[in-house]
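Q: My questions will all concern the structure given below.
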Amino acid sequence: MKLATATVTFHGDLTNKLRAIAAAGFTGVEIFATDIEPGGMDAAAIGELVADLGLSVSTFMPFREFEAMPEPARSDNFDRAERQFDIMQALGTDLLLTCTNVSPDASPEPKRAIADFHELGERAAARGFRVGIEPLAWAGHVSDYRDGWDIIQRVDHPNVGLVLDSFHVLALGLPVEPIGHIPSDRIFDIQITDAPWLDMDLMPWSRQHRCLPGRGDFDLVSFVRAIKATGYTGVYSLEIFATEADTVPLPQHAVDALQSLQALMDTA
């Protein structure tokens, strides 16, 4: 089991965030596309810094609005994917996190998504990469992780697997017990966040009100126990979007974050 965190969990410039993440004791980090800005640190430099700090890049994300799109967007998306693979190679990671499509232009036909994810898996495999599909709670056609798992089974490609984010499961009130029946080798990444129960739209709830494990209302223990029941021993990563309300100094915030994640793992 590896404990990681997404860079968006913390405020500050990327170099300081990575140093704080390493000093706190995390072993992995999820790099966001927004970390690689024109005029800023390029992917190769980020990969070198991550390695120098004793970390590994567990995931590069997010790849959005991909599956089931009409032409010419479909062809453009595969070109985008190849550019993402170039970045992954420079970062030194093998996993691309792909969010299920929120575009109104996406086809509701599952066979369209299946065909696209299979081709993406083929392209990823050719370069030694994997594709993790994360069902977003507000996605147009695949918001339930059970539907995402059904698509992955029908894609039937070893380089295409499931990403489970506790927010996208628990905010919808989805049962966690079925997770325990998913083969552990088909789960590519686990993202952990807590949140208070709020009566509001899913996207702002997710983007503005995520919090460290134990500080919200989600039943994260049951969620993690269901994952452990599969035999999964891979990455558990915090993904908590930093807000202006975060006033704890970065080094302490990173320590608090790791301790909260470790406490959850020990309890579940």
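The way I read the labels, and the way they are meant: chains A, B, ... in the order of the structure tokens, residue 1 as the first residue of every chain, and ligand 1 as the first ligand shown, with later ones counted on from there.
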Taking only segment 47-230 of chain A into account, list the residues labelled helix (DSSP H, G or I) by DSSP (computed from the backbone), as a PyMOL selection string.

A: chain A and resi 47-52+73-91+110-126+145-155+166-170+177-181+184-186+202-209+220-228

Q: Name all residues at most 7 Å from segment 162-174 of chain A (count only C-alpha atoms; drop same-chain ones fewer than 2 positions away) and give them as a list in words.

A: Gly132, Ile133, Glu134, Leu136, Ala137, Tyr145, Trp149, Val176, Arg186, Ile187, Phe188, Asp189, Ile190, Gln191, Ile192, Thr193 and Phe218 of chain A

Q: Go ahead and write the residues just picked, N, CA and C atoms, as a CSV table (one decimal), in the first residue's frame.

A:
chain,number,residue,atom,x,y,z
A,132,GLY,N,-6.8,4.8,-16.3
A,132,GLY,CA,-7.8,4.6,-15.2
A,132,GLY,C,-9.0,5.4,-15.5
A,133,ILE,N,-10.2,4.8,-15.4
A,133,ILE,CA,-11.4,5.5,-15.7
A,133,ILE,C,-12.1,5.9,-14.3
A,134,GLU,N,-12.3,7.2,-14.1
A,134,GLU,CA,-12.9,7.6,-12.9
A,134,GLU,C,-14.4,8.1,-13.2
A,136,LEU,N,-17.3,10.3,-12.8
A,136,LEU,CA,-17.6,11.5,-12.1
A,136,LEU,C,-19.1,11.5,-11.7
A,137,ALA,N,-19.4,12.0,-10.5
A,137,ALA,CA,-20.7,12.0,-10.0
A,137,ALA,C,-21.7,12.8,-10.8
A,145,TYR,N,-20.1,4.2,-10.3
A,145,TYR,CA,-18.9,3.4,-10.5
A,145,TYR,C,-19.3,2.0,-11.0
A,149,TRP,N,-17.6,0.2,-14.0
A,149,TRP,CA,-17.0,-1.1,-14.0
A,149,TRP,C,-17.6,-2.0,-15.1
A,176,VAL,N,-21.4,0.6,-1.1
A,176,VAL,CA,-20.0,0.3,-1.3
A,176,VAL,C,-19.7,-1.2,-1.3
A,186,ARG,N,-8.0,-4.9,-11.3
A,186,ARG,CA,-8.7,-4.0,-12.2
A,186,ARG,C,-8.9,-2.7,-11.5
A,187,ILE,N,-8.5,-2.5,-10.3
A,187,ILE,CA,-8.6,-1.2,-9.6
A,187,ILE,C,-7.2,-0.6,-9.8
A,188,PHE,N,-7.1,0.6,-10.4
A,188,PHE,CA,-5.8,1.2,-10.7
A,188,PHE,C,-5.5,2.3,-9.7
A,189,ASP,N,-6.4,2.9,-9.0
A,189,ASP,CA,-6.1,4.1,-8.1
A,189,ASP,C,-7.3,4.3,-7.2
A,190,ILE,N,-7.0,4.7,-6.0
A,190,ILE,CA,-8.1,5.1,-5.0
A,190,ILE,C,-7.8,6.5,-4.6
A,191,GLN,N,-8.8,7.4,-4.7
A,191,GLN,CA,-8.7,8.7,-4.2
A,191,GLN,C,-9.6,8.9,-3.0
A,192,ILE,N,-9.1,9.5,-2.0
A,192,ILE,CA,-9.8,9.7,-0.7
A,192,ILE,C,-10.1,11.1,-0.4
A,193,THR,N,-11.3,11.4,0.0
A,193,THR,CA,-11.6,12.7,0.6
A,193,THR,C,-12.8,12.5,1.5
A,218,PHE,N,-18.7,11.7,5.7
A,218,PHE,CA,-18.7,10.5,4.9
A,218,PHE,C,-18.2,9.3,5.7

Q: With only C-alpha atoms as the basis for distance, which of A:Val50, A:Trp205, A:Arg112, A:Asp94 is at the shortest distance from Trp138 of chain A?

A: A:Trp205

Q: Quick one: of A:Gly92, A:Thr9, A:Glu67, A:Gly148, who's nearest to Asp256 of chain A, counting only C-alpha atoms?

A: A:Thr9

Q: Please return, as a list in words, all residues of segment 94-224 of chain A that DSSP assigns to strand (DSSP E or B) on the basis of the backbone.

A: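 Here are the strand (DSSP E or B) residues of segment 94-224 of chain A: Leu95, Leu96, Leu97, Thr98, Cys99, Arg130, Val131, Gly132, Ile133, Glu134, Val160, Gly161, Leu162, Val163, Leu164, Asp165, Ile187, Phe188, Asp189, Ile190, Gln191, Ile192, Asp194 and Cys211 of chain A.
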
Q: What's the 8 Å shell around Gln208 of chain A, counting only C-alpha atoms, without same-chain residues fewer than 3 positions away, as a PDB file with C-alpha atoms, in the first residue's frame?

A:
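Once written, out-v1.pdb looks like this:
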ATOM      1  CA  PRO A 204     -19.427  23.018  -6.140  1.00  0.00           C
ATOM      2  CA  TRP A 205     -19.835  20.634  -3.221  1.00  0.00           C
ATOM      3  CA  PHE A 241      -9.095  20.830  -3.524  1.00  0.00           C
ATOM      4  CA  ALA A 242      -7.383  23.571  -1.534  1.00  0.00           C
ATOM      5  CA  THR A 243      -9.592  26.578  -0.807  1.00  0.00           C
TER       6      THR A 243
END

Q: Select, from A:Glu65, A:Asp185, A:Glu71, A:Glu37, the residue with the minimum atom-to-atom distance to Thr230 of chain A, counting only C-alpha atoms.

A: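 For Thr230 of chain A, the nearest of the candidates is A:Asp185.
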
Q: Skipping near chain neighbours, those fewer than 4 positions away, what residues fall within 12 Å of Pro249 of chain A using only C-alpha atoms, listed as a PyMOL selection string?

A: chain A and resi 10-12+16-17+20+245+253-256

Q: Point out the residue among A:Gln252, A:Thr5, A:Gln153, A:Thr233 with the least atom-to-atom distance to His118 of chain A, counting only C-alpha atoms.

A: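 Using only C-alpha atoms, the shortest distance to His118 of chain A belongs to A:Gln153.
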
Q: Measure the distance from atom CA of Ile240 of chain A to atom CA of His209 of chain A in Å and round it to one decimal.

A: 8.4 Å

Q: Name the closest residue to Leu238 of chain A among the candidates A:Asp194, A:Glu177, A:Asp217, A:Glu48; distances are taken between atoms, counting only C-alpha atoms.

A: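 Closest to Leu238 of chain A of all the choices is A:Asp194.
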